Amino acid sequence: MDDGPTKTLSIASRLEKLRAHQKAWSELKWTEETWVSVVLSRHWELYAGVWSAGRANHRGMGFMQLPSRLRDIPMRQWDITDIGFLIRDFTLDPSQNLLVLIEMPTPDPHGDFPPCRIHLRTMDTGLPHPLAHSPLLLHKPYLFDSAWRYIIQVTDVHLGVMFRCPEGEEGTEHELVVWNWRSGEIKMTRPGIEMESFAFLTDKLIMISMLTFRQDLPTIVCLKPVLCITDFTRYSSSYRGDAGRHSCELGLPELIPGVFPSNMLIRADPGPSYSPDEACEVPFHVGSQNRIFVVTFTASSRRVHAPVTLFIPLQTLLDKYEAGGTEIEWEQWGPAGTRILGSLRTSPNWVCYVYGSKFVHR
């Protein structure tokens, strides 16, 4: 835990609250129980203690700040009734009052789709964010249309969006783009059908989960799960020739021939730069170094579909990246620095199951 921005609590009072908070978590005892009605929505987010969900008309949103007596956080609920367009997906960062919204793509009269429209708004009002040079970012992957899906992450001034093309569509690739959302400058653009998901490690490093091809035998080609850590601030427009010098690939356990990985997801909340808004005056919060990354995928054969869940402390990843080397096999880093649970099945939809170093499974 890191100290919060509160200026009214003494060190002794802060420590007392921290110990009570840790005891409540270890014993799973809460001080109050409140039932609230939640609108079921296709699009929702739970980040840094704020729940948000889209409304049925796809133009409005509801928000709820989850309360905490031990951290002096009151419950607060509010709505944005009409954002001004149809919402396809979104994420948020309460510490910056930032709401990132992807507009539902709509074809023109000729059936062509314009660039993807990414709006930068405030969480409390839905108005354009005052820190953004332009409240609208535009990007158009090749063959972009309304069937594409998105993974959205924010850390401080950086916004990452992975544009995921529909499965089975020929000629398309996923694309990962990182902006400085305040200036509008693109810091990295990386296409690749092998990419599955991503997460920010630090304000400069990003980790991408990938399924790469490997040749086991002359007639057998398999998919190999790997984690690629790269410095996105050193990318250039010709990333394929430049980025390799600033990247490190960590191999995961190899699967036997006939078993294929799929649906490889990275989860880690909050982002590396997260710090509560000073107006909240919380006594403490999750430290930026006290985070785990949960990597999940499915190992499938003709008869079996087995879940794999991998827990990786942040420091393990940073140590391997800083040690140098472009390709590191699983045996060189995994057994001593991670933990695998092969029977733990996480939900593909309810994915907000990690916060700091805590992991919740039902």
# chains A, B, ... in the order shown; residues from 1 in each chain; ligands from 1
$ residues_around --residues "region 29-44 of chain A" --least-positions-apart "2" --cutoff "8 Å" --atoms "only C-alpha atoms" --output "PDB file with all heavy atoms, in the first residue's frame"
ATOM      1  N   ALA A  24      -9.876  -6.983   7.848  1.00  0.00           N
ATOM      2  CA  ALA A  24     -11.188  -7.231   7.249  1.00  0.00           C
ATOM      3  C   ALA A  24     -11.060  -8.066   5.978  1.00  0.00           C
ATOM      4  O   ALA A  24     -11.872  -8.963   5.723  1.00  0.00           O
ATOM      5  CB  ALA A  24     -11.876  -5.900   6.949  1.00  0.00           C
ATOM      6  N   TRP A  25     -10.031  -7.804   5.182  1.00  0.00           N
ATOM      7  CA  TRP A  25      -9.827  -8.582   3.963  1.00  0.00           C
ATOM      8  C   TRP A  25      -9.411 -10.018   4.288  1.00  0.00           C
ATOM      9  O   TRP A  25      -9.886 -10.969   3.662  1.00  0.00           O
ATOM     10  CB  TRP A  25      -8.764  -7.919   3.086  1.00  0.00           C
ATOM     11  CG  TRP A  25      -9.347  -7.052   2.011  1.00  0.00           C
ATOM     12  CD1 TRP A  25      -9.438  -5.696   2.007  1.00  0.00           C
ATOM     13  CD2 TRP A  25      -9.942  -7.492   0.791  1.00  0.00           C
ATOM     14  NE1 TRP A  25     -10.056  -5.261   0.865  1.00  0.00           N
ATOM     15  CE2 TRP A  25     -10.370  -6.337   0.096  1.00  0.00           C
ATOM     16  CE3 TRP A  25     -10.157  -8.741   0.222  1.00  0.00           C
ATOM     17  CZ2 TRP A  25     -10.999  -6.403  -1.147  1.00  0.00           C
ATOM     18  CZ3 TRP A  25     -10.783  -8.810  -1.020  1.00  0.00           C
ATOM     19  CH2 TRP A  25     -11.197  -7.654  -1.688  1.00  0.00           C
ATOM     20  N   GLU A  27     -10.129 -11.772   6.832  1.00  0.00           N
ATOM     21  CA  GLU A  27     -11.239 -12.520   7.421  1.00  0.00           C
ATOM     22  C   GLU A  27     -12.515 -12.417   6.597  1.00  0.00           C
ATOM     23  O   GLU A  27     -13.534 -13.017   6.954  1.00  0.00           O
ATOM     24  CB  GLU A  27     -11.501 -12.000   8.836  1.00  0.00           C
ATOM     25  CG  GLU A  27     -10.315 -12.182   9.783  1.00  0.00           C
ATOM     26  CD  GLU A  27     -10.574 -11.582  11.152  1.00  0.00           C
ATOM     27  OE1 GLU A  27     -11.659 -10.971  11.333  1.00  0.00           O
ATOM     28  OE2 GLU A  27      -9.705 -11.724  12.033  1.00  0.00           O
ATOM     29  N   LEU A  46     -15.540  -1.899 -14.098  1.00  0.00           N
ATOM     30  CA  LEU A  46     -15.294  -1.716 -12.670  1.00  0.00           C
ATOM     31  C   LEU A  46     -13.824  -1.395 -12.523  1.00  0.00           C
ATOM     32  O   LEU A  46     -12.965  -2.246 -12.756  1.00  0.00           O
ATOM     33  CB  LEU A  46     -15.653  -2.980 -11.887  1.00  0.00           C
ATOM     34  CG  LEU A  46     -15.338  -2.955 -10.387  1.00  0.00           C
ATOM     35  CD1 LEU A  46     -16.108  -1.843  -9.684  1.00  0.00           C
ATOM     36  CD2 LEU A  46     -15.658  -4.309  -9.746  1.00  0.00           C
ATOM     37  N   TRP A  51     -18.041   1.586 -10.406  1.00  0.00           N
ATOM     38  CA  TRP A  51     -18.780   0.723 -11.326  1.00  0.00           C
ATOM     39  C   TRP A  51     -19.505   1.608 -12.333  1.00  0.00           C
ATOM     40  O   TRP A  51     -20.100   2.620 -11.966  1.00  0.00           O
ATOM     41  CB  TRP A  51     -19.790  -0.126 -10.559  1.00  0.00           C
ATOM     42  CG  TRP A  51     -20.882  -0.709 -11.415  1.00  0.00           C
ATOM     43  CD1 TRP A  51     -22.076  -0.131 -11.743  1.00  0.00           C
ATOM     44  CD2 TRP A  51     -20.884  -1.987 -12.054  1.00  0.00           C
ATOM     45  NE1 TRP A  51     -22.813  -0.958 -12.542  1.00  0.00           N
ATOM     46  CE2 TRP A  51     -22.108  -2.111 -12.752  1.00  0.00           C
ATOM     47  CE3 TRP A  51     -19.972  -3.041 -12.106  1.00  0.00           C
ATOM     48  CZ2 TRP A  51     -22.445  -3.238 -13.484  1.00  0.00           C
ATOM     49  CZ3 TRP A  51     -20.311  -4.167 -12.840  1.00  0.00           C
ATOM     50  CH2 TRP A  51     -21.524  -4.269 -13.509  1.00  0.00           C
ATOM     51  N   SER A  52     -19.443   1.232 -13.593  1.00  0.00           N
ATOM     52  CA  SER A  52     -20.165   1.984 -14.619  1.00  0.00           C
ATOM     53  C   SER A  52     -20.724   1.008 -15.641  1.00  0.00           C
ATOM     54  O   SER A  52     -20.150  -0.057 -15.886  1.00  0.00           O
ATOM     55  CB  SER A  52     -19.244   3.001 -15.304  1.00  0.00           C
ATOM     56  OG  SER A  52     -18.113   2.354 -15.853  1.00  0.00           O
ATOM     57  N   ALA A  53     -21.847   1.386 -16.223  1.00  0.00           N
ATOM     58  CA  ALA A  53     -22.501   0.522 -17.205  1.00  0.00           C
ATOM     59  C   ALA A  53     -23.286   1.373 -18.187  1.00  0.00           C
ATOM     60  O   ALA A  53     -23.821   2.433 -17.834  1.00  0.00           O
ATOM     61  CB  ALA A  53     -23.431  -0.478 -16.518  1.00  0.00           C
ATOM     62  N   GLY A  54     -23.350   0.895 -19.423  1.00  0.00           N
ATOM     63  CA  GLY A  54     -24.131   1.578 -20.438  1.00  0.00           C
ATOM     64  C   GLY A  54     -25.615   1.332 -20.247  1.00  0.00           C
ATOM     65  O   GLY A  54     -26.027   0.337 -19.644  1.00  0.00           O
ATOM     66  N   ARG A  55     -26.421   2.238 -20.751  1.00  0.00           N
ATOM     67  CA  ARG A  55     -27.870   2.107 -20.681  1.00  0.00           C
ATOM     68  C   ARG A  55     -28.406   1.380 -21.910  1.00  0.00           C
ATOM     69  O   ARG A  55     -27.704   1.189 -22.902  1.00  0.00           O
ATOM     70  CB  ARG A  55     -28.524   3.486 -20.552  1.00  0.00           C
ATOM     71  CG  ARG A  55     -28.152   4.238 -19.276  1.00  0.00           C
ATOM     72  CD  ARG A  55     -28.347   3.386 -18.041  1.00  0.00           C
ATOM     73  NE  ARG A  55     -28.238   4.150 -16.803  1.00  0.00           N
ATOM     74  CZ  ARG A  55     -28.006   3.615 -15.620  1.00  0.00           C
ATOM     75  NH1 ARG A  55     -27.823   2.306 -15.516  1.00  0.00           N
ATOM     76  NH2 ARG A  55     -27.935   4.361 -14.537  1.00  0.00           N
ATOM     77  N   ALA A  56     -29.685   1.004 -21.829  1.00  0.00           N
ATOM     78  CA  ALA A  56     -30.286   0.198 -22.891  1.00  0.00           C
ATOM     79  C   ALA A  56     -30.305   0.921 -24.232  1.00  0.00           C
ATOM     80  O   ALA A  56     -30.258   0.284 -25.291  1.00  0.00           O
ATOM     81  CB  ALA A  56     -31.706  -0.209 -22.494  1.00  0.00           C
ATOM     82  N   ARG A  69     -15.883   2.410   4.466  1.00  0.00           N
ATOM     83  CA  ARG A  69     -15.775   3.123   5.743  1.00  0.00           C
ATOM     84  C   ARG A  69     -14.328   3.247   6.194  1.00  0.00           C
ATOM     85  O   ARG A  69     -13.913   4.281   6.712  1.00  0.00           O
ATOM     86  CB  ARG A  69     -16.583   2.384   6.811  1.00  0.00           C
ATOM     87  CG  ARG A  69     -18.085   2.586   6.716  1.00  0.00           C
ATOM     88  CD  ARG A  69     -18.767   2.022   7.939  1.00  0.00           C
ATOM     89  NE  ARG A  69     -20.209   2.229   7.903  1.00  0.00           N
ATOM     90  CZ  ARG A  69     -21.021   1.854   8.882  1.00  0.00           C
ATOM     91  NH1 ARG A  69     -20.527   1.245   9.958  1.00  0.00           N
ATOM     92  NH2 ARG A  69     -22.324   2.077   8.784  1.00  0.00           N
ATOM     93  N   ARG A  88     -20.139   2.116 -28.336  1.00  0.00           N
ATOM     94  CA  ARG A  88     -19.741   0.741 -28.669  1.00  0.00           C
ATOM     95  C   ARG A  88     -18.954   0.102 -27.535  1.00  0.00           C
ATOM     96  O   ARG A  88     -19.112  -1.073 -27.236  1.00  0.00           O
ATOM     97  CB  ARG A  88     -18.902   0.744 -29.955  1.00  0.00           C
ATOM     98  CG  ARG A  88     -18.345  -0.620 -30.356  1.00  0.00           C
ATOM     99  CD  ARG A  88     -19.450  -1.619 -30.630  1.00  0.00           C
ATOM    100  NE  ARG A  88     -18.911  -2.907 -31.043  1.00  0.00           N
ATOM    101  CZ  ARG A  88     -18.490  -3.852 -30.204  1.00  0.00           C
ATOM    102  NH1 ARG A  88     -18.538  -3.636 -28.894  1.00  0.00           N
ATOM    103  NH2 ARG A  88     -18.028  -5.003 -30.652  1.00  0.00           N
ATOM    104  N   ASP A  89     -18.075   0.858 -26.875  1.00  0.00           N
ATOM    105  CA  ASP A  89     -17.284   0.342 -25.759  1.00  0.00           C
ATOM    106  C   ASP A  89     -16.697   1.535 -25.011  1.00  0.00           C
ATOM    107  O   ASP A  89     -16.714   2.667 -25.510  1.00  0.00           O
ATOM    108  CB  ASP A  89     -16.170  -0.578 -26.258  1.00  0.00           C
ATOM    109  CG  ASP A  89     -15.751  -1.608 -25.213  1.00  0.00           C
ATOM    110  OD1 ASP A  89     -16.117  -1.433 -24.027  1.00  0.00           O
ATOM    111  OD2 ASP A  89     -15.059  -2.574 -25.574  1.00  0.00           O
ATOM    112  N   PHE A  90     -16.164   1.283 -23.805  1.00  0.00           N
ATOM    113  CA  PHE A  90     -15.608   2.396 -23.035  1.00  0.00           C
ATOM    114  C   PHE A  90     -14.711   1.870 -21.920  1.00  0.00           C
ATOM    115  O   PHE A  90     -14.715   0.686 -21.580  1.00  0.00           O
ATOM    116  CB  PHE A  90     -16.731   3.248 -22.423  1.00  0.00           C
ATOM    117  CG  PHE A  90     -17.456   2.590 -21.278  1.00  0.00           C
ATOM    118  CD1 PHE A  90     -17.060   2.812 -19.968  1.00  0.00           C
ATOM    119  CD2 PHE A  90     -18.535   1.749 -21.508  1.00  0.00           C
ATOM    120  CE1 PHE A  90     -17.714   2.205 -18.909  1.00  0.00           C
ATOM    121  CE2 PHE A  90     -19.204   1.138 -20.463  1.00  0.00           C
ATOM    122  CZ  PHE A  90     -18.793   1.363 -19.159  1.00  0.00           C
TER     123      PHE A  90
END
$ residues_around --residues "Ile102 (chain A)" --least-positions-apart "3" --cutoff "9 Å" --atoms "only C-alpha atoms" --output "list in words"
Leu86, Ile87, Arg88, Asp89, Phe90, Pro105, Cys116, Arg117, Ile118, His119 and Tyr150 of chain A
$ select_by_dssp --residues "region 186-327 of chain A" --states "strand (DSSP E or B)" --output "PyMOL selection string"
chain A and resi 186-191+195-200+205-217+220-231+247-251+260-267+284-285+292-300+305-313+327
$ closest_residue --among "A:Thr189, A:Thr338, A:Thr346, A:Thr212" --to "Lys140 (chain A)" --atoms "only C-alpha atoms"
A:Thr189
$ residues_around --residues "Ile266 (chain A)" --least-positions-apart "3" --cutoff "12 Å" --atoms "only C-alpha atoms" --output "NGL selection string"
:A and (151-153 or 195-201 or 206-210 or 226-228 or 263 or 269 or 292-297 or 309-312 or 346 or 348 or 351-354)
$ write_last_selection --atoms "C-alpha atoms" --output "short mmCIF file (atom, residue, chain, number, x, y, z; two decimals), in the first residue's frame"
data_model
loop_
_atom_site.label_atom_id
_atom_site.label_comp_id
_atom_site.auth_asym_id
_atom_site.auth_seq_id
_atom_site.Cartn_x
_atom_site.Cartn_y
_atom_site.Cartn_z
CA ILE A 151 -9.47 -3.77 -25.47
CA ILE A 152 -8.93 -0.37 -23.84
CA GLN A 153 -6.40 0.55 -21.12
CA MET A 195 -1.72 -10.49 -30.61
CA GLU A 196 -4.39 -11.45 -28.08
CA SER A 197 -4.45 -8.74 -25.38
CA PHE A 198 -2.19 -6.28 -23.55
CA ALA A 199 -1.54 -4.44 -20.29
CA PHE A 200 0.68 -1.54 -19.22
CA LEU A 201 3.54 -2.57 -16.92
CA ILE A 206 3.65 -2.60 -22.27
CA MET A 207 3.09 -6.37 -22.23
CA ILE A 208 1.32 -8.12 -25.10
CA SER A 209 0.05 -11.69 -25.01
CA MET A 210 0.63 -13.47 -28.31
CA VAL A 226 4.32 -15.96 -25.31
CA LEU A 227 4.39 -12.63 -23.48
CA CYS A 228 6.12 -9.77 -25.26
CA ASN A 263 -8.41 -16.76 -25.75
CA ASP A 269 -5.83 -3.33 -12.29
CA ILE A 292 0.09 -9.03 -10.10
CA PHE A 293 -0.72 -9.85 -13.71
CA VAL A 294 -3.18 -12.66 -14.29
CA VAL A 295 -2.74 -14.38 -17.65
CA THR A 296 -5.41 -16.85 -18.71
CA PHE A 297 -5.86 -19.03 -21.77
CA THR A 309 -4.36 -19.37 -15.09
CA LEU A 310 -0.94 -17.85 -14.55
CA PHE A 311 -0.10 -15.37 -11.75
CA ILE A 312 2.93 -13.13 -12.34
CA THR A 346 -12.17 -17.56 -14.89
CA PRO A 348 -14.60 -14.61 -20.12
CA VAL A 351 -13.08 -10.08 -16.06
CA CYS A 352 -12.59 -7.54 -13.24
CA TYR A 353 -11.24 -10.16 -10.84
CA VAL A 354 -7.83 -8.70 -9.96
#
$ residues_around --residues "region 107-115 of chain A" --least-positions-apart "2" --cutoff "6 Å" --atoms "only C-alpha atoms" --output "ChimeraX atom specification"
/A:138-140,145
$ decode --residues "region 4-152 of chain A" --atoms "C-alpha atoms" --output "compact mmCIF listing (two decimals), in the first residue's frame"
# COMPACT_ATOMS: atom_id res chain seq x y z
CA GLY A 4 -3.08 8.45 0.19
CA PRO A 5 -3.49 12.20 -0.30
CA THR A 6 -5.32 12.81 2.99
CA LYS A 7 -4.02 15.76 5.01
CA THR A 8 -6.23 15.35 8.07
CA LEU A 9 -5.15 11.95 9.45
CA SER A 10 -2.11 11.43 11.64
CA ILE A 11 0.35 8.65 10.87
CA ALA A 12 -1.01 6.65 13.81
CA SER A 13 -4.61 7.00 12.60
CA ARG A 14 -3.61 6.05 9.08
CA LEU A 15 -1.82 2.94 10.36
CA GLU A 16 -4.82 1.96 12.48
CA LYS A 17 -7.12 2.15 9.46
CA LEU A 18 -4.67 0.18 7.33
CA ARG A 19 -4.46 -2.64 9.88
CA ALA A 20 -8.25 -2.75 10.19
CA HIS A 21 -8.55 -2.85 6.40
CA GLN A 22 -6.07 -5.73 6.08
CA LYS A 23 -7.79 -7.65 8.89
CA ALA A 24 -11.19 -7.23 7.25
CA TRP A 25 -9.83 -8.58 3.96
CA SER A 26 -8.05 -11.53 5.58
CA GLU A 27 -11.24 -12.52 7.42
CA LEU A 28 -13.64 -11.40 4.65
CA LYS A 29 -15.65 -9.33 7.12
CA TRP A 30 -17.30 -6.14 5.94
CA THR A 31 -18.70 -3.32 8.04
CA GLU A 32 -21.86 -2.71 6.04
CA GLU A 33 -23.99 -4.38 3.39
CA THR A 34 -26.02 -2.37 0.90
CA TRP A 35 -28.10 -3.76 -1.94
CA VAL A 36 -28.30 -1.64 -5.06
CA SER A 37 -30.05 -2.22 -8.36
CA VAL A 38 -27.68 -2.64 -11.28
CA VAL A 39 -28.77 -2.30 -14.88
CA LEU A 40 -27.63 -5.32 -16.88
CA SER A 41 -25.64 -4.08 -19.83
CA ARG A 42 -23.52 -5.45 -22.60
CA HIS A 43 -20.86 -2.88 -21.73
CA TRP A 44 -19.70 -2.31 -18.18
CA GLU A 45 -16.54 -1.47 -16.25
CA LEU A 46 -15.29 -1.72 -12.67
CA TYR A 47 -12.14 0.29 -12.12
CA ALA A 48 -10.60 1.85 -9.00
CA GLY A 49 -13.77 1.45 -6.99
CA VAL A 50 -16.17 2.88 -9.58
CA TRP A 51 -18.78 0.72 -11.33
CA SER A 52 -20.16 1.98 -14.62
CA ALA A 53 -22.50 0.52 -17.21
CA GLY A 54 -24.13 1.58 -20.44
CA ARG A 55 -27.87 2.11 -20.68
CA ALA A 56 -30.29 0.20 -22.89
CA ASN A 57 -30.39 3.00 -25.47
CA HIS A 58 -26.57 2.82 -25.86
CA ARG A 59 -26.37 6.61 -25.39
CA GLY A 60 -26.47 6.97 -21.60
CA MET A 61 -24.36 5.67 -18.71
CA GLY A 62 -24.71 5.08 -15.00
CA PHE A 63 -21.93 5.32 -12.41
CA MET A 64 -21.57 4.22 -8.80
CA GLN A 65 -18.63 4.93 -6.51
CA LEU A 66 -18.35 1.96 -4.15
CA PRO A 67 -18.16 3.03 -0.49
CA SER A 68 -15.51 2.14 2.09
CA ARG A 69 -15.78 3.12 5.74
CA LEU A 70 -12.18 2.19 6.47
CA ARG A 71 -10.92 4.37 3.63
CA ASP A 72 -13.44 7.20 4.15
CA ILE A 73 -15.04 6.80 0.71
CA PRO A 74 -18.79 7.58 0.53
CA MET A 75 -21.20 5.95 -1.90
CA ARG A 76 -22.04 8.19 -4.82
CA GLN A 77 -24.25 7.54 -7.84
CA TRP A 78 -24.77 9.63 -10.95
CA ASP A 79 -25.89 9.33 -14.57
CA ILE A 80 -25.07 10.75 -17.97
CA THR A 81 -28.39 10.53 -19.79
CA ASP A 82 -27.20 11.18 -23.35
CA ILE A 83 -23.56 11.30 -24.39
CA GLY A 84 -24.50 12.40 -27.92
CA PHE A 85 -23.79 9.19 -29.88
CA LEU A 86 -24.19 5.41 -29.70
CA ILE A 87 -21.57 3.83 -27.40
CA ARG A 88 -19.74 0.74 -28.67
CA ASP A 89 -17.28 0.34 -25.76
CA PHE A 90 -15.61 2.40 -23.04
CA THR A 91 -13.23 2.54 -20.10
CA LEU A 92 -12.54 5.07 -17.35
CA ASP A 93 -9.92 6.44 -14.98
CA PRO A 94 -11.45 8.06 -11.87
CA SER A 95 -8.11 9.56 -10.82
CA GLN A 96 -8.18 11.77 -13.93
CA ASN A 97 -11.96 12.12 -14.21
CA LEU A 98 -11.45 10.49 -17.62
CA LEU A 99 -14.06 8.63 -19.63
CA VAL A 100 -12.88 7.05 -22.89
CA LEU A 101 -15.71 6.13 -25.25
CA ILE A 102 -15.62 4.36 -28.60
CA GLU A 103 -18.47 5.42 -30.83
CA MET A 104 -20.56 2.78 -32.60
CA PRO A 105 -19.22 2.64 -36.19
CA THR A 106 -21.83 3.57 -38.79
CA PRO A 107 -21.38 3.03 -42.55
CA ASP A 108 -21.89 5.81 -45.06
CA PRO A 109 -24.46 5.54 -47.89
CA HIS A 110 -21.94 3.53 -49.93
CA GLY A 111 -21.45 0.97 -47.15
CA ASP A 112 -17.95 2.16 -46.25
CA PHE A 113 -16.98 2.71 -42.63
CA PRO A 114 -15.25 5.92 -41.52
CA PRO A 115 -12.34 5.84 -39.03
CA CYS A 116 -13.03 4.67 -35.49
CA ARG A 117 -14.03 7.63 -33.30
CA ILE A 118 -12.60 7.63 -29.76
CA HIS A 119 -14.03 10.33 -27.48
CA LEU A 120 -12.26 11.77 -24.43
CA ARG A 121 -14.84 13.01 -21.92
CA THR A 122 -15.15 13.69 -18.20
CA MET A 123 -16.75 11.08 -15.99
CA ASP A 124 -18.86 13.51 -13.99
CA THR A 125 -20.48 15.46 -16.84
CA GLY A 126 -19.73 13.68 -20.12
CA LEU A 127 -18.32 16.90 -21.56
CA PRO A 128 -15.01 17.03 -23.49
CA HIS A 129 -12.05 16.52 -21.16
CA PRO A 130 -10.29 19.84 -20.53
CA LEU A 131 -6.80 18.28 -20.56
CA ALA A 132 -7.21 16.80 -24.05
CA HIS A 133 -5.86 18.93 -26.89
CA SER A 134 -8.61 17.36 -29.00
CA PRO A 135 -11.52 15.46 -27.41
CA LEU A 136 -11.67 13.14 -30.44
CA LEU A 137 -9.09 10.59 -31.64
CA LEU A 138 -9.47 8.94 -35.04
CA HIS A 139 -7.98 5.68 -36.28
CA LYS A 140 -8.94 3.25 -39.02
CA PRO A 141 -7.48 -0.26 -39.14
CA TYR A 142 -7.50 -2.02 -42.50
CA LEU A 143 -10.99 -3.32 -43.41
CA PHE A 144 -12.46 -1.77 -40.26
CA ASP A 145 -16.21 -2.21 -39.69
CA SER A 146 -18.81 -2.56 -36.91
CA ALA A 147 -17.85 -6.17 -36.10
CA TRP A 148 -14.47 -5.22 -34.62
CA ARG A 149 -13.95 -5.49 -30.85
CA TYR A 150 -11.73 -3.49 -28.51
CA ILE A 151 -9.47 -3.77 -25.47
CA ILE A 152 -8.93 -0.37 -23.84
